[in-house]
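Shown here: protein_5.csv, CSV, C-alpha atoms.
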chain,number,residue,atom,x,y,z
N,1,PHE,CA,38.6,181.0,85.8
N,2,LEU,CA,40.2,177.7,85.1
N,3,LYS,CA,41.4,178.8,81.6
N,4,LYS,CA,43.0,181.9,83.1
N,5,LEU,CA,44.8,179.7,85.7
N,6,ASP,CA,45.7,176.6,83.7
N,7,GLY,CA,45.3,177.3,80.0
N,8,GLU,CA,42.8,176.9,77.2
N,9,GLU,CA,42.5,173.2,77.6
N,10,ALA,CA,41.4,173.3,81.2
N,11,ARG,CA,38.0,171.6,81.8
N,12,ILE,CA,35.9,171.2,85.0
N,13,ALA,CA,36.0,167.4,84.7
N,14,ASP,CA,39.8,167.6,85.2
N,15,TYR,CA,39.4,169.1,88.7
N,16,PHE,CA,36.6,167.2,90.4
N,17,ASP,CA,36.4,163.6,91.7
N,18,VAL,CA,32.6,163.8,91.4
N,19,ILE,CA,30.2,166.1,89.6
N,20,ALA,CA,26.5,165.8,90.6
N,21,GLY,CA,23.4,167.4,89.2
N,22,THR,CA,19.6,167.1,89.3
N,23,SER,CA,17.1,168.2,86.6
N,24,THR,CA,18.8,170.8,84.5
N,25,GLY,CA,21.9,170.3,86.6
N,26,GLY,CA,21.9,166.7,85.6
N,27,LEU,CA,22.0,167.8,82.0
N,28,VAL,CA,24.9,170.2,82.7
N,29,THR,CA,26.7,167.4,84.6
N,30,ALA,CA,26.5,165.1,81.6
N,31,MET,CA,27.7,167.8,79.2
N,32,LEU,CA,30.7,168.6,81.3
N,33,ALA,CA,31.6,164.9,81.9
N,34,ALA,CA,30.7,163.2,78.6
N,35,PRO,CA,33.7,162.5,76.3
N,36,ASN,CA,34.1,163.7,72.7
N,37,LYS,CA,36.0,161.7,70.1
N,38,LYS,CA,39.3,162.9,71.5
N,39,ARG,CA,38.4,161.7,75.1
N,40,ARG,CA,38.1,165.3,76.3
N,41,PRO,CA,34.9,166.8,77.7
N,42,LEU,CA,32.1,167.3,75.2
N,43,PHE,CA,31.4,170.8,76.5
N,44,ALA,CA,33.6,173.4,78.1
N,45,ALA,CA,31.8,175.5,80.8
N,46,LYS,CA,31.6,178.5,78.5
N,47,ASP,CA,29.6,176.4,76.0
N,48,ILE,CA,26.8,175.8,78.5
N,49,LYS,CA,25.3,179.3,78.2
N,50,ALA,CA,25.2,179.1,74.4
N,51,PHE,CA,23.5,175.7,74.6
N,52,TYR,CA,20.7,177.0,76.7
N,53,MET,CA,20.3,180.2,74.6
N,54,ASN,CA,19.9,178.1,71.5
N,55,HIS,CA,17.8,175.3,72.8
N,56,ALA,CA,15.8,176.4,75.9
N,57,PRO,CA,13.3,178.5,73.7
N,58,LYS,CA,12.6,175.3,71.7
N,59,ILE,CA,12.3,173.1,74.7
N,60,PHE,CA,9.9,175.6,76.4
N,61,PRO,CA,8.1,177.3,73.5
N,62,GLN,CA,6.2,180.3,74.8
N,63,LEU,CA,2.5,180.9,74.0
N,64,ARG,CA,2.1,184.5,73.2
N,65,GLY,CA,-0.8,186.9,72.8
N,66,PRO,CA,-3.8,187.6,75.0
N,67,PHE,CA,-4.9,183.9,75.1
N,68,GLY,CA,-1.4,182.6,75.8
N,69,ARG,CA,-1.8,182.2,79.5
N,70,MET,CA,-5.3,180.7,79.1
N,71,MET,CA,-3.9,178.1,76.6
N,72,ARG,CA,-1.1,177.2,79.0
N,73,ILE,CA,-3.5,176.6,81.8
N,74,PHE,CA,-5.7,174.4,79.6
N,75,ARG,CA,-2.7,172.5,78.3
N,76,SER,CA,-1.5,171.9,81.9
N,77,MET,CA,-4.9,170.5,82.9
N,78,SER,CA,-4.8,167.9,80.1
N,79,GLY,CA,-1.1,166.8,80.1
N,80,PRO,CA,2.5,168.1,80.5
N,81,SER,CA,2.9,171.8,79.6
N,82,TYR,CA,5.6,170.7,77.0
N,83,ASP,CA,6.0,167.6,74.9
N,84,GLY,CA,9.8,167.3,75.5
N,85,LYS,CA,10.4,166.4,71.8
N,86,HIS,CA,13.1,168.9,71.2
N,87,LEU,CA,14.8,168.1,74.5
N,88,HIS,CA,14.9,164.4,73.7
N,89,GLU,CA,16.2,165.1,70.2
N,90,VAL,CA,19.0,167.4,71.2
N,91,VAL,CA,20.1,165.3,74.1
N,92,ARG,CA,20.3,162.2,72.0
N,93,GLU,CA,22.1,164.1,69.3
N,94,LYS,CA,24.7,165.5,71.7
N,95,LEU,CA,25.2,162.5,73.9
N,96,GLY,CA,24.7,159.7,71.3
N,97,SER,CA,25.5,156.2,72.6
N,98,THR,CA,27.6,157.4,75.5
N,99,ARG,CA,26.8,155.4,78.7
N,100,LEU,CA,27.3,156.1,82.4
N,101,HIS,CA,30.6,154.2,82.7
N,102,GLN,CA,32.2,156.3,79.9
N,103,THR,CA,32.1,159.7,81.7
N,104,LEU,CA,35.5,161.4,82.2
N,105,THR,CA,35.0,161.8,85.9
N,106,ASN,CA,32.5,160.2,88.3
N,107,VAL,CA,29.0,161.6,88.1
N,108,VAL,CA,25.9,161.3,90.4
N,109,ILE,CA,22.5,162.1,88.9
N,110,PRO,CA,19.3,161.6,90.9
N,111,THR,CA,16.0,160.6,89.4
N,112,PHE,CA,12.7,159.3,90.9
N,113,ASP,CA,11.0,156.0,89.9
N,114,ILE,CA,7.2,156.5,90.1
N,115,LYS,CA,6.5,152.8,89.8
N,116,TRP,CA,8.4,151.9,92.9
N,117,LEU,CA,8.1,155.3,94.6
N,118,GLN,CA,11.7,155.6,95.4
N,119,PRO,CA,14.8,157.6,94.2
N,120,THR,CA,17.0,156.0,91.5
N,121,ILE,CA,20.5,157.4,91.7
N,122,PHE,CA,22.7,157.0,88.6
N,123,SER,CA,26.2,156.9,90.1
N,124,SER,CA,29.4,156.0,88.4
N,125,TYR,CA,30.4,154.2,91.6
N,126,GLU,CA,27.2,152.1,91.9
N,127,LYS,CA,27.3,151.1,88.2
N,128,LYS,CA,30.5,149.1,89.0
N,129,ASN,CA,28.4,146.8,91.2
N,130,ASN,CA,25.3,146.7,89.0
N,131,ASN,CA,25.6,146.8,85.2
N,132,THR,CA,21.9,147.3,84.7
N,133,MET,CA,22.5,150.8,86.0
N,134,ASP,CA,24.8,151.6,83.1
N,135,ALA,CA,22.2,153.5,81.2
N,136,LEU,CA,22.6,155.8,78.2
N,137,LEU,CA,23.5,159.3,79.4
N,138,SER,CA,20.7,160.6,77.2
N,139,ASP,CA,18.1,158.5,79.0
N,140,ILE,CA,19.4,159.6,82.4
N,141,CYS,CA,19.3,163.3,81.3
N,142,ILE,CA,15.8,163.0,79.9
N,143,SER,CA,14.7,161.3,83.1
N,144,THR,CA,16.2,163.8,85.6
N,145,SER,CA,14.7,166.7,83.6
N,146,ALA,CA,11.1,165.3,83.5
N,147,ALA,CA,9.7,167.8,86.0
N,148,PRO,CA,6.1,166.9,86.9
N,149,THR,CA,3.5,169.0,85.1
N,150,TYR,CA,6.2,170.5,82.8
N,151,LEU,CA,7.7,167.5,80.9
N,152,PRO,CA,6.5,163.9,80.4
N,153,ALA,CA,7.8,161.0,82.5
N,154,HIS,CA,10.4,158.8,80.8
N,155,PHE,CA,10.4,155.0,80.4
N,156,PHE,CA,13.4,152.9,79.2
N,157,ARG,CA,15.1,149.6,79.8
N,158,THR,CA,18.7,148.4,80.2
N,159,GLU,CA,20.2,145.0,79.7
N,160,ASP,CA,23.5,143.7,81.0
N,161,CYS,CA,25.8,141.1,79.4
N,162,HIS,CA,24.0,138.3,81.2
N,163,GLY,CA,20.6,139.2,79.7
N,164,ASN,CA,19.3,140.8,82.9
N,165,ILE,CA,16.7,143.5,82.1
N,166,LYS,CA,15.9,146.4,84.3
N,167,GLU,CA,13.0,148.8,83.6
N,168,PHE,CA,12.8,152.4,84.7
N,169,ASN,CA,9.8,154.7,85.1
N,170,LEU,CA,11.4,158.0,85.9
N,171,ILE,CA,10.7,161.6,86.6
N,172,ASP,CA,12.7,164.6,87.7
N,173,GLY,CA,15.2,163.8,90.5
N,174,GLY,CA,14.3,167.1,92.1
N,175,VAL,CA,11.3,165.6,93.8
N,176,ALA,CA,13.8,163.6,95.9
N,177,ALA,CA,17.1,165.5,95.7
N,178,ASN,CA,16.7,168.9,94.2
N,179,ASN,CA,20.1,169.8,95.7
N,180,PRO,CA,22.2,166.7,95.0
N,181,ALA,CA,25.2,167.8,97.1
N,182,LEU,CA,24.3,165.5,100.0
N,183,VAL,CA,23.8,162.5,97.6
N,184,ALA,CA,27.2,163.1,96.1
N,185,ILE,CA,28.8,163.3,99.6
N,186,GLY,CA,27.0,160.1,100.5
N,187,GLU,CA,28.4,158.3,97.4
N,188,VAL,CA,31.9,159.4,98.2
N,189,SER,CA,31.5,158.4,101.9
N,190,LYS,CA,30.4,154.9,100.8
N,191,GLN,CA,33.5,154.6,98.7
N,192,ILE,CA,35.7,155.6,101.6
N,193,PHE,CA,34.0,152.9,103.8
N,194,LYS,CA,34.7,150.4,101.0
N,195,LYS,CA,38.3,151.5,101.1
N,196,ASN,CA,38.4,152.7,97.5
N,197,PRO,CA,42.0,153.5,96.9
N,198,ASP,CA,41.1,156.7,95.2
N,199,PHE,CA,40.3,158.2,98.6
N,200,PHE,CA,43.0,156.7,100.7
N,201,PRO,CA,43.7,157.8,103.5
N,202,VAL,CA,40.6,159.9,103.9
N,203,LYS,CA,38.2,158.9,106.7
N,204,PRO,CA,34.4,159.1,106.3
N,205,MET,CA,34.0,162.0,108.6
N,206,ASP,CA,37.2,163.8,107.7
N,207,TYR,CA,35.4,166.7,106.1
N,208,GLY,CA,38.6,168.7,106.1
N,209,ARG,CA,39.5,166.6,103.1
N,210,PHE,CA,36.2,167.2,101.3
N,211,LEU,CA,35.8,170.3,99.1
N,212,VAL,CA,32.2,170.9,98.0
N,213,ILE,CA,31.0,173.5,95.6
N,214,SER,CA,27.2,173.7,95.4
N,215,LEU,CA,25.5,175.8,92.7
N,216,GLY,CA,21.9,176.7,93.0
N,217,THR,CA,19.5,177.8,90.3
N,218,GLY,CA,18.0,180.7,92.3
N,219,SER,CA,14.7,181.0,94.2
N,220,PRO,CA,12.1,183.7,94.8
N,221,LYS,CA,12.1,183.6,98.6
N,222,ILE,CA,12.2,187.4,98.9
N,223,GLU,CA,9.1,187.6,96.7
N,224,GLY,CA,6.8,185.9,99.2
N,225,LYS,CA,4.7,184.3,96.4
N,226,TYR,CA,2.4,182.4,98.7
N,227,ASN,CA,0.8,182.9,102.1
N,228,ALA,CA,-1.5,181.1,104.5
N,229,GLN,CA,-4.4,183.5,104.0
N,230,LYS,CA,-4.5,182.5,100.3
N,231,ALA,CA,-3.6,178.9,100.6
N,232,LYS,CA,-6.1,178.0,103.3
N,233,SER,CA,-8.9,178.0,100.7
N,234,TRP,CA,-7.0,176.2,98.0
N,235,GLY,CA,-8.2,172.9,96.6
N,236,VAL,CA,-6.3,170.3,94.6
N,237,LEU,CA,-6.4,172.4,91.4
N,238,ASP,CA,-5.0,175.5,93.2
N,239,TRP,CA,-2.1,173.6,94.7
N,240,LEU,CA,-1.3,172.4,91.2
N,241,LEU,CA,-1.7,175.7,89.3
N,242,VAL,CA,-2.3,179.2,90.6
N,243,GLY,CA,-1.2,182.5,89.2
N,244,GLY,CA,0.8,180.8,86.5
N,245,SER,CA,2.8,178.9,89.1
N,246,THR,CA,2.7,175.3,90.5
N,247,PRO,CA,2.8,175.8,94.3
N,248,LEU,CA,3.1,172.1,95.2
N,249,VAL,CA,6.2,171.6,92.9
N,250,ASP,CA,7.7,174.9,94.1
N,251,ILE,CA,7.3,174.0,97.8
N,252,PHE,CA,8.6,170.4,97.5
N,253,THR,CA,11.6,171.3,95.5
N,254,GLN,CA,12.6,174.3,97.5
N,255,ALA,CA,12.1,172.4,100.8
N,256,SER,CA,14.3,169.6,99.5
N,257,ALA,CA,17.1,171.9,98.4
N,258,ASP,CA,17.1,174.0,101.6
N,259,MET,CA,17.1,171.0,103.9
N,260,VAL,CA,20.2,169.7,102.2
N,261,ASP,CA,22.0,173.1,102.3
N,262,ILE,CA,21.1,173.6,106.0
N,263,HIS,CA,22.3,170.0,106.9
N,264,ILE,CA,25.6,170.3,105.0
N,265,ALA,CA,26.3,173.8,106.4
N,266,ALA,CA,25.6,172.5,110.0
N,267,VAL,CA,27.8,169.4,109.6
N,268,PHE,CA,30.8,171.3,108.1
N,269,LYS,CA,30.5,173.9,110.8
N,270,VAL,CA,30.5,171.3,113.6
N,271,LEU,CA,33.5,169.6,112.1
N,272,HIS,CA,35.3,173.0,111.8
N,273,SER,CA,35.4,172.7,108.0
N,274,GLU,CA,33.2,175.6,106.9
N,275,GLN,CA,35.8,176.9,104.4
N,276,ASN,CA,35.4,173.6,102.5
N,277,TYR,CA,31.8,174.1,101.6
N,278,LEU,CA,30.8,176.9,99.2
N,279,ARG,CA,27.1,177.4,98.3
N,280,ILE,CA,26.4,179.9,95.6
N,281,GLN,CA,22.7,180.7,95.4
N,282,ASP,CA,20.5,183.7,94.8
N,283,ASP,CA,17.3,183.8,96.9
N,284,THR,CA,16.2,187.2,95.6
N,285,LEU,CA,14.8,186.3,92.2
N,286,GLU,CA,11.5,187.8,91.2
N,287,GLY,CA,8.9,187.5,88.5
N,288,THR,CA,9.9,185.6,85.3
N,289,LEU,CA,13.5,185.3,86.6
N,290,ALA,CA,12.2,182.7,89.1
N,291,SER,CA,10.2,180.8,86.6
N,292,VAL,CA,11.0,177.3,85.5
N,293,ASP,CA,10.0,177.7,81.9
N,294,VAL,CA,10.0,181.3,80.7
N,295,ALA,CA,12.7,180.7,78.1
N,296,THR,CA,12.6,183.8,76.1
N,297,ARG,CA,16.0,185.1,74.9
N,298,ASP,CA,15.4,188.3,77.0
N,299,ASN,CA,14.8,186.3,80.2
N,300,LEU,CA,17.7,184.0,79.6
N,301,GLU,CA,20.0,187.0,79.1
N,302,LYS,CA,18.8,188.5,82.4
N,303,LEU,CA,19.4,185.2,84.1
N,304,ALA,CA,23.0,185.1,82.8
N,305,ASN,CA,23.5,188.6,84.1
N,306,VAL,CA,22.2,187.5,87.5
N,307,GLY,CA,24.9,184.8,87.5
N,308,GLU,CA,27.6,187.3,86.7
N,309,ILE,CA,26.5,189.6,89.5
N,310,LEU,CA,26.3,186.7,91.9
N,311,LEU,CA,30.0,186.0,91.3
N,312,ASN,CA,30.8,189.5,92.7
N,313,LYS,CA,28.6,189.1,95.8
N,314,PRO,CA,30.1,188.1,99.2
N,315,VAL,CA,30.4,184.5,100.1
N,316,SER,CA,27.2,183.5,101.9
N,317,ARG,CA,26.0,180.6,104.1
N,318,ALA,CA,22.6,179.3,105.1
N,319,ASN,CA,21.4,180.9,108.4
N,320,LEU,CA,20.6,177.7,110.4
N,321,GLU,CA,17.5,179.3,111.9
N,322,THR,CA,15.9,181.0,108.9
N,323,GLY,CA,17.4,178.9,106.1
N,324,GLN,CA,18.1,182.1,104.1
N,325,MET,CA,21.5,182.9,102.6
N,326,MET,CA,23.5,185.4,104.7
N,327,PRO,CA,27.0,186.9,104.2
N,328,ALA,CA,29.5,184.7,106.0
N,329,CYS,CA,31.0,186.7,108.9
N,330,ASP,CA,34.5,185.4,108.4
N,331,ASP,CA,34.4,185.8,104.6
N,332,SER,CA,32.6,189.1,104.4
N,333,GLU,CA,35.2,190.6,102.1
N,334,ILE,CA,35.6,187.6,99.8
N,335,THR,CA,33.3,187.3,96.8
N,336,ASN,CA,32.0,184.1,95.3
N,337,GLY,CA,34.3,184.6,92.3
N,338,GLU,CA,37.3,185.0,94.6
N,339,ALA,CA,36.4,181.9,96.6
N,340,LEU,CA,36.2,179.8,93.4
N,341,LYS,CA,39.7,181.0,92.5
N,342,ARG,CA,41.0,180.2,95.9

As C-alpha cells, the full file:
Amino acid sequence: FLKKLDGEEARIADYFDVIAGTSTGGLVTAMLAAPNKKRRPLFAAKDIKAFYMNHAPKIFPQLRGPFGRMMRIFRSMSGPSYDGKHLHEVVREKLGSTRLHQTLTNVVIPTFDIKWLQPTIFSSYEKKNNNTMDALLSDICISTSAAPTYLPAHFFRTEDCHGNIKEFNLIDGGVAANNPALVAIGEVSKQIFKKNPDFFPVKPMDYGRFLVISLGTGSPKIEGKYNAQKAKSWGVLDWLLVGGSTPLVDIFTQASADMVDIHIAAVFKVLHSEQNYLRIQDDTLEGTLASVDVATRDNLEKLANVGEILLNKPVSRANLETGQMMPACDDSEITNGEALKR
C-alpha cells in the first residue's frame, strides 16, 4: 500500500511514532525498525513473508512419520519442543550489534522476567532514563519469542557506561501482553504527561489524536477446541499438553490479547474516536492454521493467503459482550485494506 502511495522507498518506520510487538510480533517490530548501513529500515514489509518462509521451518522443524506426534509429546515432557538454535543464529546474523536506542522509530517490545515475576518492557522511551535497558535487539527478540514449552528461556546481561550491570531472565512477552497495543498507548501517554515535545499539544486522553493499528496473528475461537466437560477431569499434564495443543498457554495468551482489545475498543468508543482504532484479526482459524509451530511451507502459504483474504473483509470491532470480532455497523462497506489506505 505504502509503495503505491508514496513510492518504492516508503517504509513502515517512516509513518509511525511507535511500533510495538510481542513474541513473533516483536521480531517483526525489530526487523521493520532496525537500520541497515544506509540508515534505512533493514526490512521492507514485503520482505517479512520471505523471511518466515525461509526460516520458520528451520526454527520449528517438523517430526514426520507415524511416530512424529509421539516424539513431540516425549520431547515436550523433557524440555522445550525446539532448541531455538536456528532462531538465535538468524536473529543475531540479521540484527548484529544493533541496540534498542538505534531503531529508526520508537519501539515497544514486552517480555516477562521469570526471576522477578514481572513484565520487562523494552521501550525506546524508557531506555533514555535507564541505559541498562539498552539491550541488543537480538537479545530482546530472542527473549520475547521464548514461548513457554516451545522455546527456551533467555538469559543475558547489560552494562551501562558507569559499570552498572543488569541481568535478565526472560520469556515470551505474550504471558503478560500478548496484544501490546495497550502497552504502546501507555508508553505514549507517559511521554505526553512528561511533556515530550514530540507530542505537543496532545493531551493524555485526547484519543482523537491517537491512530492505532493493531494486527493479530489469528485465533481458533470458532473451532471450540476445549470445553468444560473435557477439562473438568484434566490434571497438570493435560493442561500442559492435550491433543497436540497446550491449553494453558492458549488460554492465557488469548485472554490477555482479548482483554486488551475489548478495553481499547471501549475507551475509543466512549471518547468518540472509534475511527482511530483499527483491529485486524481473524478468529476463524482452524486446525494447523491456528497452531503456533506447524511451519511447513504448505501451512505458511495458507496462512499468507488468510492474510490476503482478511484485507478484503469488512472492518470489524470487538463485541464488548462476547469479545468476538463483528463487522462494524458504521464501516460495513469498508474493508480492512481500504481502511489501511484511508

Distance of atom CA of Ala176 of chain N from atom CA of Lys58 of chain N, expressed in Å to one decimal place: 26.9 Å

Set the distance at 6 Å and use all atoms listed in the file: which residues neighbour segment 86-102 of chain N once local chain neighbours fewer than 4 positions away are removed? I'd like the list as a ChimeraX atom specification. /N:59,134-138

Grab the atom CA of Ala295 of chain N to atom CA of Phe60 of chain N distance for me, in Å with one decimal place. 6.1 Å

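Note that atom CA of Pro220 of chain N and atom CA of Ser233 of chain N are 22.5 Å apart.
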
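Near segment 263-270 of chain N, within a cut-off of 10 Å and counting only C-alpha atoms, sit the residues Ala181, Leu182, Ile185, Met205, Asp206, Tyr207, Gly208, Phe210, Val212, Asp258, Gln275, Asn276, Tyr277, Leu278, Arg279, Arg317, Ala318, Asn319 and Leu320 of chain N, with same-chain residues fewer than 5 positions away left out.
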
Would you mind telling me which residue in N:Val292, N:Thr132, N:Gly224, N:Asp139 lies nearest to Gly163 of chain N when using all atoms listed in the file? N:Thr132

Segment 253-256 of chain N surroundings by only C-alpha atoms, 9 Å radius, close-in-sequence under 6 positions cut, as a list in words: Gly174, Val175, Ala176, Ala177, Asn178, Asn179 and Ser219 of chain N

Please provide as number ranges by chain all residues within 8 Å of Val107 of chain N, with the sequence filter that same-chain residues fewer than 6 positions apart are discarded (counting only C-alpha atoms). N: 18-20, 29-30, 33, 122-124

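Using only C-alpha atoms for every distance, the candidate list N:Thr322, N:Leu237, N:Ala328, N:Thr335 yields N:Thr322 as the residue closest to Met259 of chain N.
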
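Among the candidate residues N:Asp172, N:Gly218, N:Asp238, N:Met326, the one lying nearest to Val306 of chain N is N:Gly218, with distances computed using only C-alpha atoms.
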
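Closest approach to Ile213 of chain N among N:Met53, N:Leu285, N:Ala146, N:Ala184: N:Ala184, based on all atoms listed in the file.
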
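Using all atoms listed in the file, the shortest contact distance between Asn299 of chain N and any of N:Glu286, N:Gly26, N:Pro119, N:Phe199 is found at N:Glu286.
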
Excluding same-chain residues fewer than 3 positions from segment 6-17 of chain N, what lies within 8 Å of it counting only C-alpha atoms, as a VMD selection string? chain N and resid 2 to 3 32 to 33 41 44 to 45 104 to 106

Limited to C-alpha atoms, could you put the picked residues into a file as a CSV table (one decimal), in the coordinates of the input?
chain,number,residue,atom,x,y,z
N,2,LEU,CA,40.2,177.7,85.1
N,3,LYS,CA,41.4,178.8,81.6
N,32,LEU,CA,30.7,168.6,81.3
N,33,ALA,CA,31.6,164.9,81.9
N,41,PRO,CA,34.9,166.8,77.7
N,44,ALA,CA,33.6,173.4,78.1
N,45,ALA,CA,31.8,175.5,80.8
N,104,LEU,CA,35.5,161.4,82.2
N,105,THR,CA,35.0,161.8,85.9
N,106,ASN,CA,32.5,160.2,88.3

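Closest approach to Val315 of chain N among N:Met133, N:Glu274, N:Ile165, N:Cys141: N:Glu274, based on all atoms listed in the file.
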